[in-house]
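**Student:** The structure under discussion is supplied below as structure tokens; questions concerning it will follow.
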Amino acid sequence: MLGTQWGDEGKGKFTDLLAADASMVVRYQGGHNAGHTLVVDGESFALQLVPSGVLYPHTIPVIGNGVVVDPFVLLKEMAMLADRGVDVSRIKVSGNAHLILPYHQQLDALHERHLGDAKLGTTKRGIGPAYADKSMRLGIRVQDMLDEKIFREKLHTSLGHANKILTKVFNRLPVDPDELADRVLAECLPGIRPLIADSINEIHAALEDGQNVLFEGAQATFLDLDHGTYPFVTSSNPTAGGACTGAGVGPKHIDRIIGIAKAYVTRVGAGPFPTELFDDDGDRMVDIGREYGTNTGRRRRPGWVDAVMLRHAARLNSLTDLAITKLDVLDTFDTVKICTGYRIDGEIVETLPYHQSQIHKAEPVYQEFDGWKTDLTQITDVNELPANARTFLDALAEQARVPISLVSTGPGRKQFLEFS
């Protein structure tokens, strides 16, 4: 299950829904820069690192090898869940996952400030620097904490590089590797040690036993490091291929790929956005949809749903079906729109331009529909959907060239329809 836009599509809700029939939910990339909000019986749970399936007692939540883990954040999140009656002893953390440590966050904030007007809009959670260390073979893995000598050696090596940047580029004080090692081993290791696992072996054991395993992505297709609107992207691969590398499974084990899309679009931070709205309609989407970051509180940029993006996401991810969220946010609109193509230099194109300059100057071409002017949050049967809402969804599926299987009509766990 993955996002098809720029994130914040409501992946957590549908992951939670499908986790009811899963024995294992595996988060395969990203870090605590992505928040998933679950609403169960009126109670809201904001998750950052822990997979959404944690709320089901029969489900094993796995943080896969492709995730970057801030151990302090993970322990804080687990304590929050435990305080609210959730069993967190089932959580597994891949020993091959890489650690985010305080100096990664310091570097993240300094790099962003250094970029000035060209800043990327990073959450400053240390995600990028941690993945950069991983690529440069300077990273520290979760399993390294189990061997104090190795952990200290690797921390000295990693900080030998980071401290040169902190002191010589940004004129900051160096970080003492021994003090940081003492802190991590004392404050984090006792709580995380019982969770560290051979995640690949456990995932494959479940698959070989015929169990249902759900792979959960963070961020979304157009924030993918390779396929997103670079450089305004995340530092990992949220696309379906990322599930293979980030969880350690081959493509043949994935038999359903669900793309999550909002009935409109939002994005956080900088970057191109062809259907972005700067009018009352956009403000209403933000206000009604509560479009503020789960972690950061930042206001999201709103726009009409973009079928050009959806078609491209369907190709990149081999989507089998779509799940549409937040349809109810559009309940009061007189008209709703779908972007079916872009006008670029006077020519209409229906595929996503590969060149970023073309995307920046793309003008949306819209198909307009009458609104349904009905409160969808109380509807429990797909046959009760207003005709105009159904027309909108049918058109969206036709434009995306992927069938819609699920539709969310509110934030609650039970507020959804099976669509056909």
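The chains in the structure tokens are called A, B, ... from first to last as shown; in each chain the residues are counted from 1, and the ligands are counted from 1 in the order shown.
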Skip range 364-376 of chain A itself and residues of its chain fewer than 4 positions away, then list as a VMD selection string all residues within 6 Å of it, counting only C-alpha atoms.
**Tutor:** chain A and resid 275 328 331 to 342 388 to 389 409
**Student:** What residues in range 202-413 of chain A get the DSSP label strand (DSSP E)? Please answer as a VMD selection string.
**Tutor:** chain A and resid 213 to 216 258 to 262 264 to 267 301 to 306 321 to 325 335 to 344 347 to 349 363 to 370 404 to 408
**Student:** Give me, as a ChimeraX atom specification, all polymer residues having an atom no more than 7 Å from Val213 in chain A, counting only C-alpha atoms and skipping those fewer than 6 positions away in the same chain.
**Tutor:** /A:22-25,207
**Student:** Given the selection you just returned, output its residues as a file containing N, CA and C atoms, formatted as a CSV table (one decimal), in the first residue's frame.
**Tutor:**
```
chain,number,residue,atom,x,y,z
A,22,ALA,N,-4.3,-9.1,8.1
A,22,ALA,CA,-2.9,-9.4,7.9
A,22,ALA,C,-2.3,-9.9,9.2
A,23,SER,N,-1.3,-10.8,9.1
A,23,SER,CA,-0.6,-11.3,10.2
A,23,SER,C,0.6,-10.4,10.5
A,24,MET,N,1.0,-9.6,9.5
A,24,MET,CA,2.2,-8.8,9.6
A,24,MET,C,2.1,-7.6,8.8
A,25,VAL,N,2.5,-6.4,9.3
A,25,VAL,CA,2.5,-5.2,8.6
A,25,VAL,C,4.0,-4.6,8.6
A,207,LEU,N,5.5,-15.5,4.9
A,207,LEU,CA,5.0,-15.7,3.5
A,207,LEU,C,5.0,-17.2,3.1
```
**Student:** Tell me, as a PDB file with N, CA, C and O atoms, in the first residue's frame, which residues lie within 12 Å of range 347-352 of chain A, counting only C-alpha atoms; anything in the same chain fewer than 3 positions away does not count.
**Tutor:**
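Okay, this is what ended up in around.pdb:
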```pdb
ATOM      1  N   PHE A 222       5.415  10.683  -5.818  1.00  0.00           N
ATOM      2  CA  PHE A 222       6.057  11.877  -6.357  1.00  0.00           C
ATOM      3  C   PHE A 222       7.012  12.548  -5.379  1.00  0.00           C
ATOM      4  O   PHE A 222       7.498  13.648  -5.628  1.00  0.00           O
ATOM      5  N   HIS A 227      11.909   8.920  -8.831  1.00  0.00           N
ATOM      6  CA  HIS A 227      10.777   9.184  -9.710  1.00  0.00           C
ATOM      7  C   HIS A 227       9.946  10.398  -9.320  1.00  0.00           C
ATOM      8  O   HIS A 227       8.968  10.724 -10.006  1.00  0.00           O
ATOM      9  N   GLY A 228      10.303  11.067  -8.255  1.00  0.00           N
ATOM     10  CA  GLY A 228       9.545  12.229  -7.813  1.00  0.00           C
ATOM     11  C   GLY A 228       9.997  13.511  -8.476  1.00  0.00           C
ATOM     12  O   GLY A 228      10.817  13.512  -9.403  1.00  0.00           O
ATOM     13  N   THR A 229       9.443  14.621  -8.006  1.00  0.00           N
ATOM     14  CA  THR A 229       9.766  15.931  -8.571  1.00  0.00           C
ATOM     15  C   THR A 229      11.078  16.431  -7.944  1.00  0.00           C
ATOM     16  O   THR A 229      11.087  17.366  -7.148  1.00  0.00           O
ATOM     17  N   PRO A 274       1.100  21.531 -10.483  1.00  0.00           N
ATOM     18  CA  PRO A 274       0.293  22.108 -11.571  1.00  0.00           C
ATOM     19  C   PRO A 274      -1.130  22.491 -11.187  1.00  0.00           C
ATOM     20  O   PRO A 274      -1.662  23.476 -11.710  1.00  0.00           O
ATOM     21  N   ASP A 306      -5.251  15.264  -9.684  1.00  0.00           N
ATOM     22  CA  ASP A 306      -4.492  15.297 -10.929  1.00  0.00           C
ATOM     23  C   ASP A 306      -4.396  13.882 -11.513  1.00  0.00           C
ATOM     24  O   ASP A 306      -3.642  13.038 -11.020  1.00  0.00           O
ATOM     25  N   ALA A 307      -5.174  13.620 -12.566  1.00  0.00           N
ATOM     26  CA  ALA A 307      -5.178  12.288 -13.186  1.00  0.00           C
ATOM     27  C   ALA A 307      -3.909  12.015 -13.985  1.00  0.00           C
ATOM     28  O   ALA A 307      -3.566  10.852 -14.222  1.00  0.00           O
ATOM     29  N   VAL A 308      -3.199  13.046 -14.411  1.00  0.00           N
ATOM     30  CA  VAL A 308      -1.916  12.844 -15.091  1.00  0.00           C
ATOM     31  C   VAL A 308      -0.945  12.172 -14.114  1.00  0.00           C
ATOM     32  O   VAL A 308      -0.251  11.207 -14.456  1.00  0.00           O
ATOM     33  N   MET A 309      -0.919  12.687 -12.890  1.00  0.00           N
ATOM     34  CA  MET A 309      -0.084  12.088 -11.859  1.00  0.00           C
ATOM     35  C   MET A 309      -0.522  10.652 -11.564  1.00  0.00           C
ATOM     36  O   MET A 309       0.309   9.756 -11.434  1.00  0.00           O
ATOM     37  N   LEU A 310      -1.828  10.451 -11.457  1.00  0.00           N
ATOM     38  CA  LEU A 310      -2.322   9.115 -11.122  1.00  0.00           C
ATOM     39  C   LEU A 310      -1.967   8.094 -12.197  1.00  0.00           C
ATOM     40  O   LEU A 310      -1.601   6.946 -11.894  1.00  0.00           O
ATOM     41  N   ARG A 311      -2.079   8.494 -13.447  1.00  0.00           N
ATOM     42  CA  ARG A 311      -1.712   7.571 -14.533  1.00  0.00           C
ATOM     43  C   ARG A 311      -0.234   7.204 -14.451  1.00  0.00           C
ATOM     44  O   ARG A 311       0.156   6.045 -14.664  1.00  0.00           O
ATOM     45  N   HIS A 312       0.589   8.192 -14.151  1.00  0.00           N
ATOM     46  CA  HIS A 312       2.028   7.932 -14.052  1.00  0.00           C
ATOM     47  C   HIS A 312       2.322   7.042 -12.843  1.00  0.00           C
ATOM     48  O   HIS A 312       3.140   6.118 -12.926  1.00  0.00           O
ATOM     49  N   ALA A 313       1.648   7.313 -11.727  1.00  0.00           N
ATOM     50  CA  ALA A 313       1.834   6.493 -10.532  1.00  0.00           C
ATOM     51  C   ALA A 313       1.398   5.055 -10.781  1.00  0.00           C
ATOM     52  O   ALA A 313       2.037   4.105 -10.294  1.00  0.00           O
ATOM     53  N   ALA A 314       0.319   4.887 -11.555  1.00  0.00           N
ATOM     54  CA  ALA A 314      -0.155   3.539 -11.876  1.00  0.00           C
ATOM     55  C   ALA A 314       0.891   2.772 -12.666  1.00  0.00           C
ATOM     56  O   ALA A 314       1.110   1.573 -12.446  1.00  0.00           O
ATOM     57  N   ARG A 315       1.565   3.456 -13.581  1.00  0.00           N
ATOM     58  CA  ARG A 315       2.627   2.829 -14.378  1.00  0.00           C
ATOM     59  C   ARG A 315       3.823   2.447 -13.507  1.00  0.00           C
ATOM     60  O   ARG A 315       4.335   1.327 -13.557  1.00  0.00           O
ATOM     61  N   LEU A 316       4.289   3.402 -12.714  1.00  0.00           N
ATOM     62  CA  LEU A 316       5.500   3.185 -11.922  1.00  0.00           C
ATOM     63  C   LEU A 316       5.329   2.055 -10.918  1.00  0.00           C
ATOM     64  O   LEU A 316       6.282   1.324 -10.621  1.00  0.00           O
ATOM     65  N   CYS A 339      -8.058  17.076 -13.143  1.00  0.00           N
ATOM     66  CA  CYS A 339      -7.105  17.492 -14.171  1.00  0.00           C
ATOM     67  C   CYS A 339      -6.838  16.287 -15.075  1.00  0.00           C
ATOM     68  O   CYS A 339      -6.351  15.249 -14.621  1.00  0.00           O
ATOM     69  N   THR A 340      -7.162  16.427 -16.349  1.00  0.00           N
ATOM     70  CA  THR A 340      -7.017  15.307 -17.294  1.00  0.00           C
ATOM     71  C   THR A 340      -5.790  15.438 -18.192  1.00  0.00           C
ATOM     72  O   THR A 340      -5.423  14.489 -18.884  1.00  0.00           O
ATOM     73  N   GLY A 341      -5.182  16.618 -18.202  1.00  0.00           N
ATOM     74  CA  GLY A 341      -4.010  16.843 -19.035  1.00  0.00           C
ATOM     75  C   GLY A 341      -3.369  18.175 -18.683  1.00  0.00           C
ATOM     76  O   GLY A 341      -3.882  18.931 -17.863  1.00  0.00           O
ATOM     77  N   TYR A 342      -2.237  18.471 -19.314  1.00  0.00           N
ATOM     78  CA  TYR A 342      -1.534  19.734 -19.112  1.00  0.00           C
ATOM     79  C   TYR A 342      -1.424  20.454 -20.461  1.00  0.00           C
ATOM     80  O   TYR A 342      -1.209  19.823 -21.496  1.00  0.00           O
ATOM     81  N   ARG A 343      -1.539  21.768 -20.396  1.00  0.00           N
ATOM     82  CA  ARG A 343      -1.240  22.587 -21.568  1.00  0.00           C
ATOM     83  C   ARG A 343       0.162  23.168 -21.383  1.00  0.00           C
ATOM     84  O   ARG A 343       0.424  23.917 -20.442  1.00  0.00           O
ATOM     85  N   ILE A 344       1.066  22.787 -22.271  1.00  0.00           N
ATOM     86  CA  ILE A 344       2.456  23.244 -22.196  1.00  0.00           C
ATOM     87  C   ILE A 344       2.836  23.849 -23.540  1.00  0.00           C
ATOM     88  O   ILE A 344       2.801  23.170 -24.573  1.00  0.00           O
ATOM     89  N   HIS A 355      10.844  16.313 -18.202  1.00  0.00           N
ATOM     90  CA  HIS A 355      11.719  17.447 -17.912  1.00  0.00           C
ATOM     91  C   HIS A 355      11.047  18.370 -16.909  1.00  0.00           C
ATOM     92  O   HIS A 355       9.923  18.812 -17.110  1.00  0.00           O
ATOM     93  N   GLN A 356      11.772  18.679 -15.838  1.00  0.00           N
ATOM     94  CA  GLN A 356      11.178  19.447 -14.748  1.00  0.00           C
ATOM     95  C   GLN A 356      10.727  20.842 -15.188  1.00  0.00           C
ATOM     96  O   GLN A 356       9.727  21.365 -14.670  1.00  0.00           O
ATOM     97  N   SER A 357      11.413  21.447 -16.137  1.00  0.00           N
ATOM     98  CA  SER A 357      10.999  22.781 -16.589  1.00  0.00           C
ATOM     99  C   SER A 357       9.619  22.747 -17.227  1.00  0.00           C
ATOM    100  O   SER A 357       8.846  23.711 -17.141  1.00  0.00           O
ATOM    101  N   GLN A 358       9.303  21.629 -17.889  1.00  0.00           N
ATOM    102  CA  GLN A 358       7.988  21.478 -18.485  1.00  0.00           C
ATOM    103  C   GLN A 358       6.907  21.369 -17.404  1.00  0.00           C
ATOM    104  O   GLN A 358       5.813  21.924 -17.541  1.00  0.00           O
ATOM    105  N   ILE A 359       7.216  20.665 -16.340  1.00  0.00           N
ATOM    106  CA  ILE A 359       6.243  20.519 -15.256  1.00  0.00           C
ATOM    107  C   ILE A 359       5.984  21.861 -14.594  1.00  0.00           C
ATOM    108  O   ILE A 359       4.841  22.191 -14.256  1.00  0.00           O
ATOM    109  N   HIS A 360       7.022  22.648 -14.429  1.00  0.00           N
ATOM    110  CA  HIS A 360       6.874  23.941 -13.760  1.00  0.00           C
ATOM    111  C   HIS A 360       5.932  24.877 -14.525  1.00  0.00           C
ATOM    112  O   HIS A 360       5.250  25.697 -13.924  1.00  0.00           O
ATOM    113  N   LYS A 361       5.903  24.758 -15.847  1.00  0.00           N
ATOM    114  CA  LYS A 361       5.045  25.676 -16.608  1.00  0.00           C
ATOM    115  C   LYS A 361       3.769  25.008 -17.121  1.00  0.00           C
ATOM    116  O   LYS A 361       3.036  25.589 -17.925  1.00  0.00           O
ATOM    117  N   ALA A 362       3.489  23.803 -16.638  1.00  0.00           N
ATOM    118  CA  ALA A 362       2.284  23.101 -17.067  1.00  0.00           C
ATOM    119  C   ALA A 362       1.034  23.784 -16.521  1.00  0.00           C
ATOM    120  O   ALA A 362       0.955  24.121 -15.342  1.00  0.00           O
ATOM    121  N   GLU A 363       0.047  23.970 -17.403  1.00  0.00           N
ATOM    122  CA  GLU A 363      -1.246  24.520 -17.007  1.00  0.00           C
ATOM    123  C   GLU A 363      -2.276  23.392 -17.046  1.00  0.00           C
ATOM    124  O   GLU A 363      -2.396  22.683 -18.049  1.00  0.00           O
ATOM    125  N   PRO A 364      -3.027  23.198 -15.959  1.00  0.00           N
ATOM    126  CA  PRO A 364      -3.966  22.075 -15.921  1.00  0.00           C
ATOM    127  C   PRO A 364      -5.141  22.245 -16.870  1.00  0.00           C
ATOM    128  O   PRO A 364      -5.658  23.346 -17.045  1.00  0.00           O
ATOM    129  N   VAL A 365      -5.543  21.136 -17.485  1.00  0.00           N
ATOM    130  CA  VAL A 365      -6.764  21.077 -18.288  1.00  0.00           C
ATOM    131  C   VAL A 365      -7.772  20.272 -17.471  1.00  0.00           C
ATOM    132  O   VAL A 365      -7.496  19.129 -17.093  1.00  0.00           O
ATOM    133  N   TYR A 366      -8.915  20.883 -17.190  1.00  0.00           N
ATOM    134  CA  TYR A 366      -9.849  20.279 -16.251  1.00  0.00           C
ATOM    135  C   TYR A 366     -11.095  19.708 -16.914  1.00  0.00           C
ATOM    136  O   TYR A 366     -11.588  20.233 -17.923  1.00  0.00           O
ATOM    137  N   GLN A 399      -9.936   7.906 -15.886  1.00  0.00           N
ATOM    138  CA  GLN A 399      -8.773   8.728 -16.198  1.00  0.00           C
ATOM    139  C   GLN A 399      -7.483   8.090 -15.681  1.00  0.00           C
ATOM    140  O   GLN A 399      -6.451   8.111 -16.355  1.00  0.00           O
ATOM    141  N   ALA A 400      -7.535   7.503 -14.481  1.00  0.00           N
ATOM    142  CA  ALA A 400      -6.343   6.886 -13.891  1.00  0.00           C
ATOM    143  C   ALA A 400      -6.017   5.550 -14.548  1.00  0.00           C
ATOM    144  O   ALA A 400      -4.891   5.066 -14.462  1.00  0.00           O
TER     145      ALA A 400
END
```
**Student:** Using only C-alpha atoms, what table do you get, as CSV, when you list each residue of range 48-138 of chain A with an atom no more than 6 Å from range 187-204 of chain A, its nearest pair of atoms, and their distance in Å rounded to one decimal, rows by chain then rising number?
**Tutor:**
```
residue,atom,partner,partner_atom,distance
A:Lys92,CA,A:Leu195,CA,4.8
A:Val93,CA,A:Ile196,CA,4.9
A:Ser94,CA,A:Ser199,CA,5.0
A:Gly95,CA,A:Ile196,CA,5.6
```
**Student:** For the alpha helix (DSSP H) assignment from backbone DSSP, which residues of range 296-370 of chain A qualify? Please present them as a list of chain:residue names.
**Tutor:**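 Output for range 296-370 of chain A, alpha helix (DSSP H) only: A:Ala307, A:Val308, A:Met309, A:Leu310, A:Arg311, A:His312, A:Ala313, A:Ala314, A:Arg315, A:Leu316, A:Asn317, A:Gln356, A:Ser357, A:Gln358, A:Ile359, A:His360.
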**Student:** Could you list, with a cut-off of 9 Å and counting only C-alpha atoms, the residues of range 81-149 of chain A near range 50-72 of chain A, each shown with its nearest atom pair and the distance in Å rounded to one decimal, rows sorted by chain and ascending number, as JSON lines?
**Tutor:**
```
{"residue": "A:Leu81", "atom": "CA", "partner": "A:Leu55", "partner_atom": "CA", "distance": 9.0}
{"residue": "A:Val86", "atom": "CA", "partner": "A:Leu55", "partner_atom": "CA", "distance": 6.5}
{"residue": "A:Asp87", "atom": "CA", "partner": "A:Pro57", "partner_atom": "CA", "distance": 7.2}
{"residue": "A:Val88", "atom": "CA", "partner": "A:Val54", "partner_atom": "CA", "distance": 7.4}
{"residue": "A:Arg90", "atom": "CA", "partner": "A:Ile60", "partner_atom": "CA", "distance": 5.6}
{"residue": "A:Ile91", "atom": "CA", "partner": "A:Pro61", "partner_atom": "CA", "distance": 5.0}
{"residue": "A:Lys92", "atom": "CA", "partner": "A:Val62", "partner_atom": "CA", "distance": 4.7}
{"residue": "A:Val93", "atom": "CA", "partner": "A:Ile63", "partner_atom": "CA", "distance": 4.7}
{"residue": "A:Ser94", "atom": "CA", "partner": "A:Asn65", "partner_atom": "CA", "distance": 5.2}
{"residue": "A:Gly95", "atom": "CA", "partner": "A:Asn65", "partner_atom": "CA", "distance": 7.1}
{"residue": "A:Asn96", "atom": "CA", "partner": "A:Asn65", "partner_atom": "CA", "distance": 4.9}
{"residue": "A:Ala97", "atom": "CA", "partner": "A:Asn65", "partner_atom": "CA", "distance": 4.1}
{"residue": "A:His98", "atom": "CA", "partner": "A:Val68", "partner_atom": "CA", "distance": 4.8}
{"residue": "A:Leu99", "atom": "CA", "partner": "A:Val69", "partner_atom": "CA", "distance": 4.8}
{"residue": "A:Ile100", "atom": "CA", "partner": "A:Asp70", "partner_atom": "CA", "distance": 4.5}
{"residue": "A:Leu101", "atom": "CA", "partner": "A:Asp70", "partner_atom": "CA", "distance": 6.2}
{"residue": "A:Pro102", "atom": "CA", "partner": "A:Asp70", "partner_atom": "CA", "distance": 8.5}
{"residue": "A:Arg125", "atom": "CA", "partner": "A:Asp70", "partner_atom": "CA", "distance": 8.8}
{"residue": "A:Gly126", "atom": "CA", "partner": "A:Asp70", "partner_atom": "CA", "distance": 8.7}
{"residue": "A:Ile127", "atom": "CA", "partner": "A:Val68", "partner_atom": "CA", "distance": 6.9}
{"residue": "A:Ala130", "atom": "CA", "partner": "A:Val68", "partner_atom": "CA", "distance": 7.0}
{"residue": "A:Tyr131", "atom": "CA", "partner": "A:Val68", "partner_atom": "CA", "distance": 7.3}
{"residue": "A:Arg141", "atom": "CA", "partner": "A:Val68", "partner_atom": "CA", "distance": 8.9}
{"residue": "A:Val142", "atom": "CA", "partner": "A:Val69", "partner_atom": "CA", "distance": 8.0}
```
**Student:** Okay, now the selection with C-alpha atoms, as a JSON list (two decimals), in the first residue's frame?
**Tutor:**
```json
[["chain", "number", "residue", "atom", "x", "y", "z"],
["A", 81, "LEU", "CA", 1.09, 3.63, 22.64],
["A", 86, "VAL", "CA", -1.49, -0.89, 23.06],
["A", 87, "ASP", "CA", 0.80, -3.93, 23.27],
["A", 88, "VAL", "CA", 4.13, -2.78, 21.84],
["A", 90, "ARG", "CA", 5.09, -7.34, 19.24],
["A", 91, "ILE", "CA", 7.06, -4.67, 17.37],
["A", 92, "LYS", "CA", 10.08, -5.91, 15.43],
["A", 93, "VAL", "CA", 12.92, -3.70, 14.18],
["A", 94, "SER", "CA", 15.25, -4.91, 11.46],
["A", 95, "GLY", "CA", 18.82, -5.15, 12.62],
["A", 96, "ASN", "CA", 19.80, -3.80, 9.19],
["A", 97, "ALA", "CA", 17.79, -0.58, 9.55],
["A", 98, "HIS", "CA", 20.00, 2.50, 9.90],
["A", 99, "LEU", "CA", 19.99, 4.86, 12.86],
["A", 100, "ILE", "CA", 19.22, 8.56, 12.87],
["A", 101, "LEU", "CA", 21.24, 10.25, 15.60],
["A", 102, "PRO", "CA", 21.13, 13.85, 16.87],
["A", 125, "ARG", "CA", 14.30, 15.21, 11.20],
["A", 126, "GLY", "CA", 17.71, 13.99, 9.98],
["A", 127, "ILE", "CA", 16.32, 11.67, 7.34],
["A", 130, "ALA", "CA", 21.13, 9.46, 7.67],
["A", 131, "TYR", "CA", 20.44, 8.07, 4.20],
["A", 141, "ARG", "CA", 22.80, 0.15, 11.86],
["A", 142, "VAL", "CA", 20.40, -0.89, 14.60]]
```
**Student:** Could you tell me how far CA of Arg300 in chain A sits from CA of Pro386 in chain A, in Å to one decimal place?
**Tutor:**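 Atom-to-atom, CA of Pro386 in chain A and CA of Arg300 in chain A are spaced 28.5 Å apart.
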**Student:** Of the candidates A:Val40, A:Leu417, A:Ala261, A:Ile165, which one gets nearest to His104 in chain A if we count only C-alpha atoms?
**Tutor:**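 Closest to His104 in chain A of all the choices is A:Ile165.
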**Student:** Just give me the gap between CA of Ser89 in chain A and CA of Leu75 in chain A in Å, one decimal is fine.
**Tutor:**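 Separation between CA of Ser89 in chain A and CA of Leu75 in chain A: 11.7 Å.
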**Student:** Just to confirm, what's the straight-line distance from CA of Pro302 in chain A to CA of Ile257 in chain A in Å (one decimal)?
**Tutor:**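 Atom-to-atom, CA of Pro302 in chain A and CA of Ile257 in chain A are spaced 25.8 Å apart.
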**Student:** For Ser235 in chain A, please output as number ranges by chain all residues within 10 Å (counting only C-alpha atoms; exclusion window: fewer than 6 positions along the same chain).
**Tutor:** A: 29-31, 127-132, 223-226
**Student:** Could you list, as JSON, numbers by chain, every residue within 9 Å of Asp176 in chain A, counting only C-alpha atoms and ignoring same-chain residues fewer than 3 positions away?
**Tutor:** {"A": [156, 159, 163, 179, 180, 181]}
**Student:** Store the residues picked out above, limited to N, CA, C and O atoms, as an mmCIF file, in the first residue's frame.
**Tutor:**
```
data_model
loop_
_atom_site.group_PDB
_atom_site.id
_atom_site.type_symbol
_atom_site.label_atom_id
_atom_site.label_comp_id
_atom_site.auth_asym_id
_atom_site.auth_seq_id
_atom_site.Cartn_x
_atom_site.Cartn_y
_atom_site.Cartn_z
ATOM 1 N N HIS A 156 32.642 6.801 15.952
ATOM 2 C CA HIS A 156 33.845 7.630 15.789
ATOM 3 C C HIS A 156 34.090 7.906 14.299
ATOM 4 O O HIS A 156 34.415 9.038 13.905
ATOM 5 N N LEU A 159 31.220 10.253 12.876
ATOM 6 C CA LEU A 159 31.359 11.630 13.379
ATOM 7 C C LEU A 159 32.662 12.268 12.936
ATOM 8 O O LEU A 159 32.759 13.499 12.871
ATOM 9 N N ASN A 163 31.724 15.808 11.891
ATOM 10 C CA ASN A 163 32.280 16.917 12.658
ATOM 11 C C ASN A 163 33.088 17.882 11.795
ATOM 12 O O ASN A 163 33.156 19.083 12.079
ATOM 13 N N GLU A 179 30.533 10.619 24.278
ATOM 14 C CA GLU A 179 29.371 11.088 25.044
ATOM 15 C C GLU A 179 28.073 10.641 24.386
ATOM 16 O O GLU A 179 27.127 10.212 25.070
ATOM 17 N N LEU A 180 28.017 10.719 23.052
ATOM 18 C CA LEU A 180 26.813 10.300 22.350
ATOM 19 C C LEU A 180 26.625 8.788 22.471
ATOM 20 O O LEU A 180 25.499 8.310 22.680
ATOM 21 N N ALA A 181 27.700 8.030 22.359
ATOM 22 C CA ALA A 181 27.600 6.576 22.506
ATOM 23 C C ALA A 181 27.082 6.211 23.890
ATOM 24 O O ALA A 181 26.211 5.341 24.036
#
```
**Student:** Smallest atom-to-atom distance to Cys244 in chain A: which of A:Leu173, A:Leu322, A:Glu153, A:Gly217, using only C-alpha atoms?
**Tutor:**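 Among the listed residues, the smallest separation from Cys244 in chain A belongs to A:Gly217.
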